[in-house]
Amino acid sequence: AAVLEVDAQTGGSRIYASGIRNPTGLDWEPQTGKLWVIANERDEIGADLVPDYLTSVQEGGFYGWPYSYYGQHVDTRVRPQRPDLVAKAIKPDYALGSHVAPLGLKFYRGRNLPEKYRGGAFISNHGSWDRTPLSGYDVVFVQFKDGMPQGLPQPIVTGFASADEETLKGAPVGLAEDAEGALLIADDVGNMVWRVSHENKQQ
């Protein structure tokens, strides 16, 4: 439940930020150079709690796990309680939805896709395992302006689950950008890599 800073030469590490339950993807926001992370939050509080999130990562920051969620909402199941830590828990910047299980984060820097995507964040949501109806199973885009997320997540690639939610055709995991600036999506259910490109891109 932490983001570590590792010295590549010595192998030494330190906790850069803590209390992030499951930080599954990290990337640097291109305009400000700040580190951002996606996180899978806790289960068994209900279908609509707790929101998985996207947030900037503050050095030395504490984000709540396991004592509170989404800032200072206390998880009463935890014993002993730690009101001192809850008081300093940082509220995440952006909610992605409950149980969407984000696994991949990629700030787009390429030129293959339309200009509106440059500088924003693609997020791959692997999908819920304990929610009805299902949530996630898609790749979404979050617009950024002046270094901060704006508006609702925009669906980019969908259809990984059948309409009746009885069959999973895929589940997106990691994201990458190829040499031409197309978006690559790893799929660990379909066992393949999808490539998203702009057919009429301008050179």
# chains A, B, ... in the order shown; residues from 1 in each chain; ligands from 1
$ select_by_dssp --residues "range 5-200 of chain A" --states "alpha helix (DSSP H)" --output "number ranges by chain"
A: 83-86
$ write_last_selection --atoms "N, CA and C atoms" --output "compact mmCIF listing (two decimals), in the first residue's frame"
# COMPACT_ATOMS: atom_id res chain seq x y z
N PRO A 83 -7.20 7.73 14.39
CA PRO A 83 -7.70 9.06 14.03
C PRO A 83 -6.59 10.05 13.69
N ASP A 84 -5.40 9.84 14.23
CA ASP A 84 -4.29 10.72 13.92
C ASP A 84 -3.89 10.62 12.45
N LEU A 85 -3.92 9.40 11.90
CA LEU A 85 -3.61 9.21 10.49
C LEU A 85 -4.77 9.64 9.59
N VAL A 86 -5.99 9.34 10.02
CA VAL A 86 -7.16 9.75 9.24
C VAL A 86 -7.18 11.27 9.07
$ residues_around --residues "Arg109 in chain A" --least-positions-apart "3" --cutoff "9 Å" --atoms "only C-alpha atoms" --output "list of chain:residue names"
A:Pro30, A:Lys106, A:Tyr117, A:Arg118, A:Gly119, A:Gly120, A:Glu177, A:Gly181
$ residues_around --residues "range 137-151 of chain A" --least-positions-apart "3" --cutoff "9 Å" --atoms "only C-alpha atoms" --output "ChimeraX atom specification"
/A:29-34,54,56,93-94,100-101,104,116-128,134,154-161,168,170-172,185
$ closest_residue --among "A:Ser98, A:Gln58, A:Tyr67, A:Trp28" --to "Arg79 in chain A" --atoms "only C-alpha atoms"
A:Tyr67
$ select_by_dssp --residues "range 103-188 of chain A" --states "strand (DSSP E or B)" --output "PyMOL selection string"
chain A and resi 103-107+121-125+138-145+148-157+161+168+172-177+183-187
$ write_last_selection --atoms "N, CA and C atoms" --output "CSV table (one decimal), in the first residue's frame"
chain,number,residue,atom,x,y,z
A,103,LEU,N,-5.9,-0.8,-14.0
A,103,LEU,CA,-4.6,-1.5,-14.0
A,103,LEU,C,-3.5,-0.8,-14.8
A,104,GLY,N,-3.9,0.0,-15.8
A,104,GLY,CA,-3.0,0.7,-16.7
A,104,GLY,C,-3.3,2.1,-16.8
A,105,LEU,N,-2.2,2.9,-16.7
A,105,LEU,CA,-2.2,4.4,-16.8
A,105,LEU,C,-1.2,4.9,-17.8
A,106,LYS,N,-1.7,5.7,-18.8
A,106,LYS,CA,-0.7,6.2,-19.8
A,106,LYS,C,-1.1,7.6,-20.2
A,107,PHE,N,-0.3,8.6,-19.9
A,107,PHE,CA,-0.5,9.9,-20.4
A,107,PHE,C,0.0,9.9,-21.9
A,121,ALA,N,-5.0,11.4,-20.1
A,121,ALA,CA,-4.7,10.0,-19.5
A,121,ALA,C,-5.6,9.0,-20.0
A,122,PHE,N,-5.0,7.9,-20.6
A,122,PHE,CA,-5.8,6.7,-20.9
A,122,PHE,C,-5.6,5.8,-19.7
A,123,ILE,N,-6.8,5.1,-19.3
A,123,ILE,CA,-6.8,4.2,-18.2
A,123,ILE,C,-7.5,3.0,-18.6
A,124,SER,N,-6.9,1.8,-18.3
A,124,SER,CA,-7.5,0.5,-18.6
A,124,SER,C,-8.1,0.0,-17.3
A,125,ASN,N,-9.4,-0.3,-17.4
A,125,ASN,CA,-10.2,-0.8,-16.3
A,125,ASN,C,-10.4,-2.3,-16.5
A,138,ASP,N,-13.2,-1.8,-19.7
A,138,ASP,CA,-13.1,-0.8,-20.8
A,138,ASP,C,-11.8,-0.1,-20.6
A,139,VAL,N,-11.5,0.7,-21.7
A,139,VAL,CA,-10.4,1.7,-21.6
A,139,VAL,C,-11.0,3.1,-21.7
A,140,VAL,N,-10.7,4.0,-20.8
A,140,VAL,CA,-11.3,5.3,-20.8
A,140,VAL,C,-10.2,6.3,-21.0
A,141,PHE,N,-10.7,7.5,-21.3
A,141,PHE,CA,-9.8,8.7,-21.4
A,141,PHE,C,-10.2,9.8,-20.5
A,142,VAL,N,-9.3,10.4,-19.8
A,142,VAL,CA,-9.5,11.5,-18.9
A,142,VAL,C,-8.8,12.7,-19.4
A,143,GLN,N,-9.5,13.7,-19.8
A,143,GLN,CA,-8.9,15.0,-20.3
A,143,GLN,C,-8.2,15.7,-19.1
A,144,PHE,N,-7.1,16.3,-19.4
A,144,PHE,CA,-6.3,17.1,-18.5
A,144,PHE,C,-6.2,18.6,-19.0
A,145,LYS,N,-6.3,19.5,-18.1
A,145,LYS,CA,-6.1,20.9,-18.4
A,145,LYS,C,-5.4,21.5,-17.2
A,148,MET,N,-4.5,19.2,-14.4
A,148,MET,CA,-5.5,18.5,-13.6
A,148,MET,C,-6.6,17.9,-14.5
A,149,PRO,N,-7.2,16.8,-14.0
A,149,PRO,CA,-8.2,16.1,-14.7
A,149,PRO,C,-9.5,16.9,-14.8
A,150,GLN,N,-10.2,16.8,-16.0
A,150,GLN,CA,-11.4,17.6,-16.3
A,150,GLN,C,-12.5,16.7,-16.8
A,151,GLY,N,-13.7,16.9,-16.4
A,151,GLY,CA,-14.9,16.2,-16.9
A,151,GLY,C,-14.9,14.7,-16.5
A,152,LEU,N,-15.9,14.0,-17.2
A,152,LEU,CA,-16.1,12.6,-16.9
A,152,LEU,C,-15.2,11.7,-17.7
A,153,PRO,N,-14.9,10.5,-17.3
A,153,PRO,CA,-14.1,9.6,-18.1
A,153,PRO,C,-14.8,9.3,-19.4
A,154,GLN,N,-14.1,9.3,-20.6
A,154,GLN,CA,-14.7,9.1,-21.9
A,154,GLN,C,-14.4,7.6,-22.3
A,155,PRO,N,-15.4,6.8,-22.6
A,155,PRO,CA,-15.1,5.4,-23.1
A,155,PRO,C,-14.4,5.5,-24.4
A,156,ILE,N,-13.3,4.7,-24.5
A,156,ILE,CA,-12.5,4.7,-25.8
A,156,ILE,C,-12.6,3.3,-26.4
A,157,VAL,N,-12.4,2.2,-25.6
A,157,VAL,CA,-12.6,0.9,-26.1
A,157,VAL,C,-13.5,0.1,-25.1
A,161,ALA,N,-17.0,-7.2,-22.2
A,161,ALA,CA,-18.0,-8.1,-21.6
A,161,ALA,C,-19.2,-8.1,-22.5
A,168,LEU,N,-17.2,-13.0,-20.7
A,168,LEU,CA,-16.1,-12.0,-20.8
A,168,LEU,C,-15.2,-12.3,-22.1
A,172,PRO,N,-8.9,-5.5,-20.1
A,172,PRO,CA,-7.6,-4.7,-20.4
A,172,PRO,C,-6.8,-4.6,-19.1
A,173,VAL,N,-5.5,-4.6,-19.4
A,173,VAL,CA,-4.5,-4.6,-18.3
A,173,VAL,C,-3.5,-3.4,-18.6
A,174,GLY,N,-2.3,-3.7,-19.1
A,174,GLY,CA,-1.4,-2.6,-19.3
A,174,GLY,C,-1.6,-1.8,-20.5
A,175,LEU,N,-1.1,-0.6,-20.5
A,175,LEU,CA,-1.2,0.3,-21.7
A,175,LEU,C,0.3,0.8,-22.1
A,176,ALA,N,0.4,1.0,-23.4
A,176,ALA,CA,1.7,1.5,-23.9
A,176,ALA,C,1.4,2.2,-25.2
A,177,GLU,N,2.5,2.9,-25.6
A,177,GLU,CA,2.4,3.7,-26.8
A,177,GLU,C,3.5,3.2,-27.8
A,183,LEU,N,-2.0,3.5,-29.5
A,183,LEU,CA,-2.2,3.0,-28.1
A,183,LEU,C,-2.3,1.5,-28.2
A,184,LEU,N,-1.5,0.9,-27.3
A,184,LEU,CA,-1.4,-0.6,-27.2
A,184,LEU,C,-2.1,-1.0,-25.9
A,185,ILE,N,-3.0,-2.0,-26.0
A,185,ILE,CA,-3.7,-2.4,-24.8
A,185,ILE,C,-3.5,-3.9,-24.6
A,186,ALA,N,-2.9,-4.3,-23.5
A,186,ALA,CA,-2.7,-5.7,-23.2
A,186,ALA,C,-4.0,-6.3,-22.6
A,187,ASP,N,-4.4,-7.5,-23.0
A,187,ASP,CA,-5.7,-8.1,-22.6
A,187,ASP,C,-5.4,-9.5,-22.1
$ residues_around --residues "Val3 in chain A" --least-positions-apart "4" --cutoff "9 Å" --atoms "only C-alpha atoms" --output "list of chain:residue names"
A:Arg14, A:Ile15, A:Tyr16, A:Ala17, A:Ser18, A:Gly19, A:Ile20, A:Pro23, A:Val37, A:Val57
$ closest_residue --among "A:Ala39, A:Thr24, A:His198, A:Asp164" --to "Arg111 in chain A" --atoms "only C-alpha atoms"
A:His198
$ closest_residue --among "A:Lys91, A:Arg195, A:Arg131, A:Arg42" --to "Pro66 in chain A" --atoms "only C-alpha atoms"
A:Arg42
$ residues_around --residues "Tyr69 in chain A" --least-positions-apart "6" --cutoff "8 Å" --atoms "only C-alpha atoms" --output "mmCIF file with N, CA and C atoms, in the first residue's frame"
data_model
loop_
_atom_site.group_PDB
_atom_site.id
_atom_site.type_symbol
_atom_site.label_atom_id
_atom_site.label_comp_id
_atom_site.auth_asym_id
_atom_site.auth_seq_id
_atom_site.Cartn_x
_atom_site.Cartn_y
_atom_site.Cartn_z
ATOM 1 N N GLU A 41 -9.189 0.401 -4.846
ATOM 2 C CA GLU A 41 -9.556 0.584 -3.442
ATOM 3 C C GLU A 41 -10.149 -0.690 -2.839
ATOM 4 N N VAL A 50 -15.851 1.128 -2.629
ATOM 5 C CA VAL A 50 -15.273 2.466 -2.529
ATOM 6 C C VAL A 50 -14.794 2.854 -3.926
ATOM 7 N N TYR A 63 -2.587 8.456 2.136
ATOM 8 C CA TYR A 63 -3.860 8.446 1.410
ATOM 9 C C TYR A 63 -4.945 7.580 2.055
ATOM 10 N N ASP A 75 -13.108 3.835 7.759
ATOM 11 C CA ASP A 75 -13.513 2.446 7.590
ATOM 12 C C ASP A 75 -13.662 1.863 8.986
#
$ closest_residue --among "A:Thr76, A:Ser197, A:Thr132, A:Gln9" --to "Gly110 in chain A" --atoms "only C-alpha atoms"
A:Ser197
$ closest_residue --among "A:Ser135, A:Ser68, A:Asn40, A:Asn191" --to "Tyr53 in chain A" --atoms "only C-alpha atoms"
A:Asn40
$ closest_residue --among "A:Glu5, A:Asp188, A:Glu166, A:Glu180" --to "Leu113 in chain A" --atoms "only C-alpha atoms"
A:Glu180
$ atom_distance --atom1 "CA of Gly136 in chain A" --atom2 "CA of Thr55 in chain A"
18.0 Å
$ atom_distance --atom1 "CA of Asp43 in chain A" --atom2 "CA of Gly71 in chain A"
16.3 Å
